[in-house]
Amino acid sequence: MKANAVWIIAVAAIVAGMIVTSSGGVSVSEEFGQATAASMREASGTVFDWATPADWIVSGTWTLKCGGPCASAEPGSIKFDMAHTMVMEGGNASHAHSYKDFAATAVATEGDNLMINGMITGSGPVGTAPIKIKLTGVGGAGMFSFELPENQHLMGEISGAIVESDD
């Protein structure tokens, strides 16, 4: 099942105009000419990934609004929310989580990539916790990921896609 999910993500990335590297990373094609992650003012997208430690399939949506170019935004002006479902391999234990009350603490860029750290309140066992948000690549072909570094139920970086953005 996990191998099938990885292939589905790889095919979706190729269809969206990205190239999956042999190390599992994603390179974005230069032909799009859309806003880079670092120059966005707002973006929205999906989350779809396989999460450990309990082999969860995570699927949902997120939105980011910076009140200006995200790379130079004041942390207090950044708005972020997310909701996702989780289901264990085999269809067991399906449930949902929502995240609100995001408070950015740091914004950084690395090339065309944008990283935002902060605190967020998540439903269930997440509570109020640190979150790391990363947007990479270009507009509708870019990638989104988040990590809840102190969470024991959803470990590691969870990825998705930037579906819509502006510059």
# chains A, B, ... in the order shown; residues from 1 in each chain; ligands from 1
>>> residues_around(residues="Thr63 in chain A", least_positions_apart="3", cutoff="6 Å", atoms="only C-alpha atoms", output="number ranges by chain")
A: 43-44, 80-81
>>> write_last_selection(atoms="N, CA and C atoms", output="PDB file, in the first residue's frame")
ATOM      1  N   ALA A  43      -1.121  31.935  -0.851  1.00  0.00           N
ATOM      2  CA  ALA A  43      -1.134  30.667  -1.564  1.00  0.00           C
ATOM      3  C   ALA A  43      -2.102  29.723  -0.865  1.00  0.00           C
ATOM      4  N   SER A  44      -2.527  28.716  -1.589  1.00  0.00           N
ATOM      5  CA  SER A  44      -3.353  27.661  -1.007  1.00  0.00           C
ATOM      6  C   SER A  44      -2.998  26.359  -1.706  1.00  0.00           C
ATOM      7  N   PHE A  80      -2.321  31.630   8.558  1.00  0.00           N
ATOM      8  CA  PHE A  80      -2.197  30.264   8.031  1.00  0.00           C
ATOM      9  C   PHE A  80      -3.238  29.393   8.716  1.00  0.00           C
ATOM     10  N   ASP A  81      -3.905  28.564   7.940  1.00  0.00           N
ATOM     11  CA  ASP A  81      -4.778  27.557   8.531  1.00  0.00           C
ATOM     12  C   ASP A  81      -4.727  26.301   7.678  1.00  0.00           C
TER      13      ASP A  81
END
>>> residues_around(residues="Gly137 in chain A", least_positions_apart="6", cutoff="7 Å", atoms="only C-alpha atoms", output="list in words")
Val28, Thr36, Ala37, Asp112, Asn113 and Met143 of chain A
>>> residues_around(residues="Ala96 in chain A", least_positions_apart="4", cutoff="7 Å", atoms="only C-alpha atoms", output="list of chain:residue names")
A:His84, A:Thr85, A:Met86
>>> atom_distance(atom1="CA of Tyr99 in chain A", atom2="CA of Ser123 in chain A")
6.5 Å
>>> residues_around(residues="Ser94 in chain A", least_positions_apart="4", cutoff="10 Å", atoms="only C-alpha atoms", output="PDB file with N, CA and C atoms, in the first residue's frame")
ATOM      1  N   TRP A  56       0.049   6.521   8.655  1.00  0.00           N
ATOM      2  CA  TRP A  56      -1.143   7.309   8.372  1.00  0.00           C
ATOM      3  C   TRP A  56      -1.093   7.854   6.953  1.00  0.00           C
ATOM      4  N   ILE A  57      -2.227   7.870   6.282  1.00  0.00           N
ATOM      5  CA  ILE A  57      -2.388   8.615   5.034  1.00  0.00           C
ATOM      6  C   ILE A  57      -3.019   9.942   5.440  1.00  0.00           C
ATOM      7  N   VAL A  58      -2.360  11.040   5.093  1.00  0.00           N
ATOM      8  CA  VAL A  58      -2.799  12.380   5.490  1.00  0.00           C
ATOM      9  C   VAL A  58      -3.245  13.120   4.227  1.00  0.00           C
ATOM     10  N   THR A  85      -7.522  15.138   7.003  1.00  0.00           N
ATOM     11  CA  THR A  85      -7.995  13.871   7.546  1.00  0.00           C
ATOM     12  C   THR A  85      -6.804  12.934   7.637  1.00  0.00           C
ATOM     13  N   MET A  86      -6.944  11.962   8.497  1.00  0.00           N
ATOM     14  CA  MET A  86      -5.929  10.923   8.631  1.00  0.00           C
ATOM     15  C   MET A  86      -6.646   9.579   8.657  1.00  0.00           C
ATOM     16  N   VAL A  87      -6.095   8.615   7.967  1.00  0.00           N
ATOM     17  CA  VAL A  87      -6.635   7.262   7.987  1.00  0.00           C
ATOM     18  C   VAL A  87      -5.449   6.306   7.953  1.00  0.00           C
ATOM     19  N   MET A  88      -5.535   5.247   8.727  1.00  0.00           N
ATOM     20  CA  MET A  88      -4.455   4.262   8.737  1.00  0.00           C
ATOM     21  C   MET A  88      -4.552   3.387   7.498  1.00  0.00           C
ATOM     22  N   GLU A  89      -3.429   2.832   7.114  1.00  0.00           N
ATOM     23  CA  GLU A  89      -3.413   1.887   6.012  1.00  0.00           C
ATOM     24  C   GLU A  89      -4.482   0.835   6.271  1.00  0.00           C
TER      25      GLU A  89
END
